[in-house]
Every structure is written in C-alpha cells, then in structure tokens.
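Asks: Take this structure first; my questions come after.
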Amino acid sequence: MEFSKITEAFEKLDQTQKTLEKTDILAELFEESGEQLPQVVLMCTGTPFPAWKDLDLGVSSKTLVKIISKATGRSEKEVEKEWKEQGDLGLAAQTMVEKKTQQRLMSQEITVQKTFERMQKVAEMESEGLNSSVNQDKKQKELADLISSSEPREAKYLARIIINNLRLGVGEGTIRDALSEAFFDGKHFEDIQKAYDFSNDFAEVAKACREGLEQVNSLELELYRPVKSMLAKNVDTIEEGFEEVGEPASINYKYDGMRAQIHVKEGEVKVFTRRLDDVTEQFPDVVEAVEENIESDNCILDTEIVGYDPEDGGMIPFQRLSKRIKRKYDIQKLKEEIPVEVRPFDLIYLDEPILQRPYSERWEKLKSVVNEQEEEMKLVDNDITLEAERVQEMQQASLSDGHEGIMMKNLEAEYKPGNRVGYMVKLKPVMETLDLAIVGAKWSEGRRSNWLGRLFLGCYDKENNEYLEVGKMATGLTDEQFQEITEKLKPLITNEEGRKVDVRPEVIVEAEYEEIQESPTYSSGYALRFPRMKQFREDKEKADSLEKIKGLYQDQN
Ligand code: ATP
C-alpha cells in the first residue's frame, strides 16, 4: 500500500474537528489497508511503535532540520527560515520538497511497508544507544532518504511523525470506534477496547479485527508486554470513598514512591515505569529483591517502589528517588545513596492472566507469593474494614509515618488497565495538585535571557488527543530548575515566534495553585490562579485530563 493513501486520509482528518467524521475517515482507510492494516493503524496513533514498546526515533526538531536539509539539498539555514515563517516543521518539509529543483533520481512511490521498516531500523539504532556521530549520521540518512523520495504532502506528515508531533486530533477511542465500524458494522467496540487494554498494542488489535471477533477476544495480557496501570479517583472524605468502592474495602497506605509494574518471565525480571519505560538496568536492587523474595517464575506485580534514607531508614520523597529513573551511569553508587524497598499491592498475572479476578482473590494470591523482607520487599500496609473510624486511624498513622494518605479499594473489582475507574480511590489531606505538561514557554529577558522562563501549562484532552492550555507559571522554580527545564525543553521546540516557543508536551510538572477559574484566554476554558512549580513528574507520560480540571472546578464552587 502506498503511503500516499495514509496522507490523503490525514489531510481529510486535518480538515474536521468532528469526532464522528474522523471515525468515518479512519474506518474507510482501515478497510482499504488490507495486509498493511496493523502498520496503518499505528501510524494513525502518531508513532509507528506500539504503546508498550520502549521504542522511539529520538529525533529532536533541530535534528529534523538537518534531515530535511539532507533530503532536499537545501541549507539548514533555509530550512530554519521556512520553519520560522510557516510555524511548523511539517509545512517547512513540504515546501522544501516542493522547491527541490533537481529531479528525484529514483522516483519511486514510498510504501507504508518501507516507511515502517525504515523507522523501525532507526528506532532500533536509537535503543541500542549507538550515540556515536557515525550512527547519528546513519540515522539521519535513513530518514532523509525517506523524505527525499516522498511527495511534498507526504513529507509534511512524515516530518510530523518523525518528531512525534502528528496532532490529528485522533484519540485511542476514535481508533477503536473506527476499527469497530470498519470490521464489525460499529459493533463490539467493548471487545476491541478490552483487547487493547490487555495487549496495549493497536497493531495486534487491528490484525485480530481483520481475522474476526474470536481473535479479538483471544488477545490477552502477556509477560514482558506491559499494560497501562489502573489509576485511582480522588475523594475528599472517607464516606465518599466507601460510596465509590463499596463496603467493606481494602485500605492501604499511600506511599510517595514510584509506580512500577514488575514482570517475571521464566524467572527473569523486568521493571517498567508507569510510562512503560523499561528501567530494569537502573534498578538492579529491585531485580534482586524480586528474584529473592517472589515465589513465582511467571507473574506480574503492581508495586510502589519507595526510596528510604540509608542513615535513618526514613522515607524520602519521590523527587529524590526520581533521580534513579533516568540515570544510565553510576548506578551502583546511586543504589547505595538512595536504596529502595518494593511495596507490592496487586498481582495481575500468576502463570496466567488474572486481572479479571476480584481484587480480594488477587490480593490473597499476592500474599502467597511474597516473602516479606525488611528494606527489600514488603506488602503495602493494609487492612480490610467497613468502619470509618478504622480508616481514620489508618489515615492518621500513614500521615504520621510520612506517607501521603490512604488508598481505598473495591474488593470485588477487576483490574482495569489505563482507567481512572472508581475501583480504587485515593484520599489525601492536602490540596489536590495538578500534573500538567509544559506546552510552550518564553525566553526570559536580562540576566536569564538564555533560559526559558514563563512556562505555559497544558492539560490533556483525551477525546481529541491534544493538549489545551490552562495557564502559565513563572514562580516556584530555582535557578537550577530553570536551567534544567531549558535543557529539557530545547529539543522539544516545534515552533518559535519572537520570544515564544511551542514545545511537544513531554515534560510533566506537578503544579500547586490557589484556585481554578473559568477563562476565555486559554484553550481549555480554564485558568489556574497563581500556579507554582512543585516538582517534575518524570514518571508520568500524560498530563492530567481536562475532565479532572472540570471536576475540580465544580468541586470548589
Ligand atoms: P499521585 O500524584 O497522587 O501519586 P497519580 O496521578 O500519580 O497520583 P493515581 O492513580 O491517581 O496516580 O494515584 C495512585 C498512585 O499512588 C499510584 O499510581 C501509585 O504510584 C501510588 N501508590 C502508593 N501507594 C499505593 C497503594 N497502596 N496502592 C496503589 N497505589 C499506590
């Protein structure tokens, strides 16, 4: 199948805001995709790699400028100028390819297959950590070849995919509905959703849809293919908590650590963050703790990894622990400075998937496989009760031990990957903070002129898979943090106009604020009053949702 087929559909998607129209456009494309359907569906998600795979092209906007220059024989300066003028690197790529004077040497249509293979190859180079300039060159050449043999419109979308900035307004729900429309006359979308929840892989789901409902229903959770974590709702009171999760409930301490999904396959351990990044290498102590204290060779544990002070054994906040997530060197040293304890709270696979069994049963199974060992592996502190006083007592105890509060969990409930369902709720005494993506920034003036100062914050609109602004933040940051933010944001810049830059929404920060107001200024319709930086949330991939902000706004009024 030619890549131009995808491009045509993308052009149509760009021209409508209506979800139903988007679904129809995608359904038509999916029907026409034949054998290539899995790849086509992935491209529509904005990246050619399934969600669970820790693969990434690793191309910054600056590198893309180089790639476009190589592909079109124009200087980097010219590409940058075009980028500035058009405000979008995709459009710049399109114009540059249009302007390309010399006739293409090998004028061959690019296919979906070829595009896919190239990108796969580049991502594999990236994940092998081949950072030498030779490999950087190779990587750029592979992608430049692709752009140079493409038509202008194709170049536009290729460029956007390469920097992970497709922005078609197509969410997971729309892809699911389009698959249902294309293959099951609009029926069975729940089965498709479930297949996606369990596999976390739209390529697999698409392939199954072509084969039939039975195949869709046979997709299961698999070891080494991490699924999204089940998330918690927020409640303000114990009564509200019981209403949500039922009585009696399982009450756990809520620790301020890092969520980790730990897979054991034939005795080999892998550790994934909630962004589904593989951090096994960064946490050799976690691997050891699991090898020694988990009595199963094939299981998936849902856990909180908690850091503690090696001197006094006290808990340390997530911000310090988070140093370990990204670190690729001095791992042994860091392991001693910031030791961790694994606190499992759920088990979703034990020789077979068990995520649809009730929580009480999963918890019993979890208990039977965990050997508790001080400072290595300990089940979360917990109790089962229907007494509000007992919950209150646990809340107090948890807080005085330096933890964040408590979680209340429904004993009958299944495990729903990726959903903020009311099967577990969190009760924290402090004001709810928001985890928001930095979507733009402004270069400062004066002493800090080479720093990105004012930060524009965005929440996530799930339905349209886009980010909407909710305010700007300029306080609460130390000089060090400003510098760190600038370094983080620079490679993510997609557009620059005067001092203002747009960035890909990949840096998530936790913000405190006074209150939420309605606001015509920001695209979300809401504005945070006096947002302040609390900390980076390296463990998170997506910002809090627009619904959450709406909910908080309603609660406060
Ligand atoms: P927060 O910022 O409050 O940690 P979040 O958005 O990261 O919230 P939620 O799903 O809303 O995530 O809250 C649950 C989080 O709390 C989990 O992701 C997990 O990391 C952490 N946690 C700590 N202790 C527990 C526990 N006993 N059971 C479940 N989750 C726990």
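Labels used: A, B, ... for chains in the order of the structure tokens, numbers from 1 for residues in each chain, and numbers from 1 for ligands as shown.
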Could you list, as a ChimeraX atom specification, all protein and nucleic acid residues with an atom at most 7 Å from ligand 1, counting only C-alpha atoms and all ligand atoms?
Replies: /A:230-234,252-259,304,345,380,407,420,426
Asks: May I have the residues within 12 Å of Tyr224 (chain A) as a list in words, using only C-alpha atoms and disregarding those fewer than 6 positions away in the same chain?
Replies: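 The contact residues come out as Trp52, Lys53, Asp54, Ser199, Asn200, Gln261, Ile262, His263, Val264, Lys265, Glu266, Gly267, Glu268, Val269, Lys270, Val271, Phe272, Leu276, Asp277, Asp278, Thr280, Asn298, Cys299, Ile300, Leu301 and Tyr349 of chain A.
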Asks: Since we have the selection now, will you write its residues out, keeping N, CA and C atoms, as a PDB file, in the first residue's frame?
Replies:
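The result, written out as result-v6.pdb:
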```
ATOM      1  N   TRP A  52       3.292  -0.266  24.183  1.00  0.00           N
ATOM      2  CA  TRP A  52       4.057  -0.957  25.228  1.00  0.00           C
ATOM      3  C   TRP A  52       5.537  -1.032  24.918  1.00  0.00           C
ATOM      4  N   LYS A  53       5.889  -0.824  23.656  1.00  0.00           N
ATOM      5  CA  LYS A  53       7.296  -0.988  23.275  1.00  0.00           C
ATOM      6  C   LYS A  53       8.080   0.252  23.619  1.00  0.00           C
ATOM      7  N   ASP A  54       9.233   0.041  24.228  1.00  0.00           N
ATOM      8  CA  ASP A  54      10.059   1.160  24.636  1.00  0.00           C
ATOM      9  C   ASP A  54      10.890   1.619  23.434  1.00  0.00           C
ATOM     10  N   SER A 199      -3.610  -5.907  25.564  1.00  0.00           N
ATOM     11  CA  SER A 199      -2.404  -6.079  24.740  1.00  0.00           C
ATOM     12  C   SER A 199      -1.575  -4.800  24.679  1.00  0.00           C
ATOM     13  N   ASN A 200      -2.256  -3.664  24.850  1.00  0.00           N
ATOM     14  CA  ASN A 200      -1.573  -2.376  24.763  1.00  0.00           C
ATOM     15  C   ASN A 200      -0.874  -2.224  23.416  1.00  0.00           C
ATOM     16  N   GLN A 261       5.618  -1.629  37.388  1.00  0.00           N
ATOM     17  CA  GLN A 261       4.992  -2.897  37.008  1.00  0.00           C
ATOM     18  C   GLN A 261       6.141  -3.872  36.784  1.00  0.00           C
ATOM     19  N   ILE A 262       6.145  -4.911  37.595  1.00  0.00           N
ATOM     20  CA  ILE A 262       7.294  -5.812  37.540  1.00  0.00           C
ATOM     21  C   ILE A 262       6.876  -7.139  36.910  1.00  0.00           C
ATOM     22  N   HIS A 263       7.562  -7.497  35.821  1.00  0.00           N
ATOM     23  CA  HIS A 263       7.245  -8.750  35.129  1.00  0.00           C
ATOM     24  C   HIS A 263       8.322  -9.790  35.434  1.00  0.00           C
ATOM     25  N   VAL A 264       7.899 -10.991  35.771  1.00  0.00           N
ATOM     26  CA  VAL A 264       8.845 -12.094  35.925  1.00  0.00           C
ATOM     27  C   VAL A 264       8.460 -13.136  34.882  1.00  0.00           C
ATOM     28  N   LYS A 265       9.402 -13.429  34.001  1.00  0.00           N
ATOM     29  CA  LYS A 265       9.114 -14.417  32.959  1.00  0.00           C
ATOM     30  C   LYS A 265      10.199 -15.481  33.009  1.00  0.00           C
ATOM     31  N   GLU A 266       9.789 -16.689  33.243  1.00  0.00           N
ATOM     32  CA  GLU A 266      10.734 -17.785  33.440  1.00  0.00           C
ATOM     33  C   GLU A 266      11.879 -17.358  34.355  1.00  0.00           C
ATOM     34  N   GLY A 267      11.513 -16.695  35.426  1.00  0.00           N
ATOM     35  CA  GLY A 267      12.497 -16.310  36.433  1.00  0.00           C
ATOM     36  C   GLY A 267      13.263 -15.035  36.133  1.00  0.00           C
ATOM     37  N   GLU A 268      13.127 -14.491  34.914  1.00  0.00           N
ATOM     38  CA  GLU A 268      13.850 -13.260  34.565  1.00  0.00           C
ATOM     39  C   GLU A 268      12.971 -12.043  34.861  1.00  0.00           C
ATOM     40  N   VAL A 269      13.568 -11.045  35.508  1.00  0.00           N
ATOM     41  CA  VAL A 269      12.778  -9.902  35.968  1.00  0.00           C
ATOM     42  C   VAL A 269      12.950  -8.683  35.057  1.00  0.00           C
ATOM     43  N   LYS A 270      11.835  -8.010  34.777  1.00  0.00           N
ATOM     44  CA  LYS A 270      11.911  -6.708  34.104  1.00  0.00           C
ATOM     45  C   LYS A 270      11.056  -5.712  34.868  1.00  0.00           C
ATOM     46  N   VAL A 271      11.553  -4.481  34.940  1.00  0.00           N
ATOM     47  CA  VAL A 271      10.844  -3.448  35.694  1.00  0.00           C
ATOM     48  C   VAL A 271      10.413  -2.334  34.731  1.00  0.00           C
ATOM     49  N   PHE A 272       9.127  -1.991  34.754  1.00  0.00           N
ATOM     50  CA  PHE A 272       8.618  -0.931  33.888  1.00  0.00           C
ATOM     51  C   PHE A 272       8.019   0.199  34.716  1.00  0.00           C
ATOM     52  N   LEU A 276       5.724   3.065  31.022  1.00  0.00           N
ATOM     53  CA  LEU A 276       6.057   1.809  30.346  1.00  0.00           C
ATOM     54  C   LEU A 276       7.489   1.789  29.829  1.00  0.00           C
ATOM     55  N   ASP A 277       8.337   2.652  30.397  1.00  0.00           N
ATOM     56  CA  ASP A 277       9.756   2.583  30.063  1.00  0.00           C
ATOM     57  C   ASP A 277      10.371   1.430  30.840  1.00  0.00           C
ATOM     58  N   ASP A 278      11.284   0.735  30.174  1.00  0.00           N
ATOM     59  CA  ASP A 278      11.976  -0.367  30.827  1.00  0.00           C
ATOM     60  C   ASP A 278      13.136   0.207  31.653  1.00  0.00           C
ATOM     61  N   THR A 280      14.788  -1.662  34.045  1.00  0.00           N
ATOM     62  CA  THR A 280      15.409  -2.803  34.725  1.00  0.00           C
ATOM     63  C   THR A 280      16.866  -2.502  35.086  1.00  0.00           C
ATOM     64  N   ASN A 298       6.655 -16.796  36.923  1.00  0.00           N
ATOM     65  CA  ASN A 298       5.868 -16.169  35.863  1.00  0.00           C
ATOM     66  C   ASN A 298       4.738 -15.343  36.473  1.00  0.00           C
ATOM     67  N   CYS A 299       4.999 -14.064  36.645  1.00  0.00           N
ATOM     68  CA  CYS A 299       3.950 -13.247  37.259  1.00  0.00           C
ATOM     69  C   CYS A 299       4.143 -11.769  36.914  1.00  0.00           C
ATOM     70  N   ILE A 300       3.095 -10.976  37.153  1.00  0.00           N
ATOM     71  CA  ILE A 300       3.206  -9.514  37.021  1.00  0.00           C
ATOM     72  C   ILE A 300       2.705  -8.873  38.301  1.00  0.00           C
ATOM     73  N   LEU A 301       3.582  -8.106  38.930  1.00  0.00           N
ATOM     74  CA  LEU A 301       3.232  -7.428  40.180  1.00  0.00           C
ATOM     75  C   LEU A 301       3.026  -5.942  39.909  1.00  0.00           C
ATOM     76  N   TYR A 349      -0.986 -11.233  37.085  1.00  0.00           N
ATOM     77  CA  TYR A 349      -0.638 -12.421  36.287  1.00  0.00           C
ATOM     78  C   TYR A 349       0.042 -13.384  37.229  1.00  0.00           C
TER      79      TYR A 349
END
```
Asks: Measure the distance from CA of Ile192 (chain A) to CA of Val205 (chain A) in Å and round it to one decimal.
Replies: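 Going from CA of Ile192 (chain A) over to CA of Val205 (chain A), I get 7.1 Å.
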Asks: Would you mind writing down, as a PDB file with C-alpha atoms, in the first residue's frame, each residue of region 209-374 of chain A that DSSP on the backbone assigns to strand (DSSP E)?
Replies:
```pdb
ATOM      1  CA  LYS A 233     -10.012   8.511  41.516  1.00  0.00           C
ATOM      2  CA  ASN A 234      -9.676  11.219  44.069  1.00  0.00           C
ATOM      3  CA  VAL A 235     -12.082  11.507  47.009  1.00  0.00           C
ATOM      4  CA  ALA A 249     -12.988  -2.081  51.458  1.00  0.00           C
ATOM      5  CA  SER A 250      -9.297  -2.752  51.460  1.00  0.00           C
ATOM      6  CA  ILE A 251      -7.459   0.202  52.960  1.00  0.00           C
ATOM      7  CA  ASN A 252      -3.773   0.704  52.067  1.00  0.00           C
ATOM      8  CA  TYR A 253      -1.220   3.313  52.989  1.00  0.00           C
ATOM      9  CA  LYS A 254      -0.421   5.525  50.017  1.00  0.00           C
ATOM     10  CA  MET A 258       7.340   5.360  42.017  1.00  0.00           C
ATOM     11  CA  ARG A 259       4.799   3.084  40.437  1.00  0.00           C
ATOM     12  CA  ALA A 260       6.433   0.030  38.911  1.00  0.00           C
ATOM     13  CA  GLN A 261       4.992  -2.897  37.008  1.00  0.00           C
ATOM     14  CA  ILE A 262       7.294  -5.812  37.540  1.00  0.00           C
ATOM     15  CA  HIS A 263       7.245  -8.750  35.129  1.00  0.00           C
ATOM     16  CA  VAL A 264       8.845 -12.094  35.925  1.00  0.00           C
ATOM     17  CA  LYS A 265       9.114 -14.417  32.959  1.00  0.00           C
ATOM     18  CA  GLU A 268      13.850 -13.260  34.565  1.00  0.00           C
ATOM     19  CA  VAL A 269      12.778  -9.902  35.968  1.00  0.00           C
ATOM     20  CA  LYS A 270      11.911  -6.708  34.104  1.00  0.00           C
ATOM     21  CA  VAL A 271      10.844  -3.448  35.694  1.00  0.00           C
ATOM     22  CA  PHE A 272       8.618  -0.931  33.888  1.00  0.00           C
ATOM     23  CA  THR A 273       7.616   2.565  34.949  1.00  0.00           C
ATOM     24  CA  CYS A 299       3.950 -13.247  37.259  1.00  0.00           C
ATOM     25  CA  ILE A 300       3.206  -9.514  37.021  1.00  0.00           C
ATOM     26  CA  LEU A 301       3.232  -7.428  40.180  1.00  0.00           C
ATOM     27  CA  ASP A 302       1.870  -3.917  40.537  1.00  0.00           C
ATOM     28  CA  THR A 303       4.025  -2.122  43.073  1.00  0.00           C
ATOM     29  CA  GLU A 304       5.177   1.153  44.528  1.00  0.00           C
ATOM     30  CA  ILE A 305       8.949   1.454  44.799  1.00  0.00           C
ATOM     31  CA  VAL A 306       9.773   3.555  47.815  1.00  0.00           C
ATOM     32  CA  GLY A 307      13.114   5.232  48.484  1.00  0.00           C
ATOM     33  CA  VAL A 340      14.641   1.277  47.776  1.00  0.00           C
ATOM     34  CA  GLU A 341      12.036  -1.060  49.110  1.00  0.00           C
ATOM     35  CA  VAL A 342       9.459  -2.730  46.852  1.00  0.00           C
ATOM     36  CA  ARG A 343       5.885  -2.495  48.146  1.00  0.00           C
ATOM     37  CA  PRO A 344       3.601  -4.734  46.060  1.00  0.00           C
ATOM     38  CA  PHE A 345      -0.145  -4.051  46.167  1.00  0.00           C
ATOM     39  CA  ASP A 346      -1.567  -6.075  43.303  1.00  0.00           C
ATOM     40  CA  LEU A 347      -0.915  -9.160  41.198  1.00  0.00           C
ATOM     41  CA  ILE A 348      -2.344  -9.343  37.686  1.00  0.00           C
ATOM     42  CA  TYR A 349      -0.638 -12.421  36.287  1.00  0.00           C
ATOM     43  CA  LEU A 350       0.248 -15.650  38.000  1.00  0.00           C
TER      44      LEU A 350
END
```
Asks: Quick one: everything within 12 Å of Lys333 (chain A), counting only C-alpha atoms, minus sequence neighbours fewer than 3 positions away in the same chain. Send it as a list in words.
Replies: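 The residues satisfying every condition are Gln282, Phe283, Pro284, Asp285, Arg324, Arg327, Lys328, Tyr329, Asp330, Glu336, Glu337, Ile338 and Pro339 of chain A.
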Asks: Output C-alpha atoms for every residue in that selection, as a PDB file, in the first residue's frame.
Replies:
```
ATOM      1  CA  GLN A 282      18.522   1.330  36.634  1.00  0.00           C
ATOM      2  CA  PHE A 283      17.121  -0.816  39.444  1.00  0.00           C
ATOM      3  CA  PRO A 284      19.376  -3.851  39.957  1.00  0.00           C
ATOM      4  CA  ASP A 285      18.347  -3.873  43.631  1.00  0.00           C
ATOM      5  CA  ARG A 324      17.287   6.975  39.688  1.00  0.00           C
ATOM      6  CA  ARG A 327      20.291   7.583  35.347  1.00  0.00           C
ATOM      7  CA  LYS A 328      22.378   5.474  32.981  1.00  0.00           C
ATOM      8  CA  TYR A 329      25.728   5.681  34.835  1.00  0.00           C
ATOM      9  CA  ASP A 330      26.925   5.307  38.429  1.00  0.00           C
ATOM     10  CA  GLU A 336      23.613   2.912  47.820  1.00  0.00           C
ATOM     11  CA  GLU A 337      22.748   6.580  48.169  1.00  0.00           C
ATOM     12  CA  ILE A 338      19.082   6.000  47.515  1.00  0.00           C
ATOM     13  CA  PRO A 339      18.154   2.460  48.465  1.00  0.00           C
TER      14      PRO A 339
END
```
Asks: I need the residues in region 387-544 of chain A that are helix (DSSP H, G or I) according to DSSP; give them as JSON, numbers by chain.
Replies: {"A": [388, 389, 390, 391, 392, 393, 394, 395, 396, 397, 398, 399, 400, 446, 447, 448, 479, 480, 481, 482, 483, 484, 485, 486, 487, 488, 489, 490, 491, 492]}
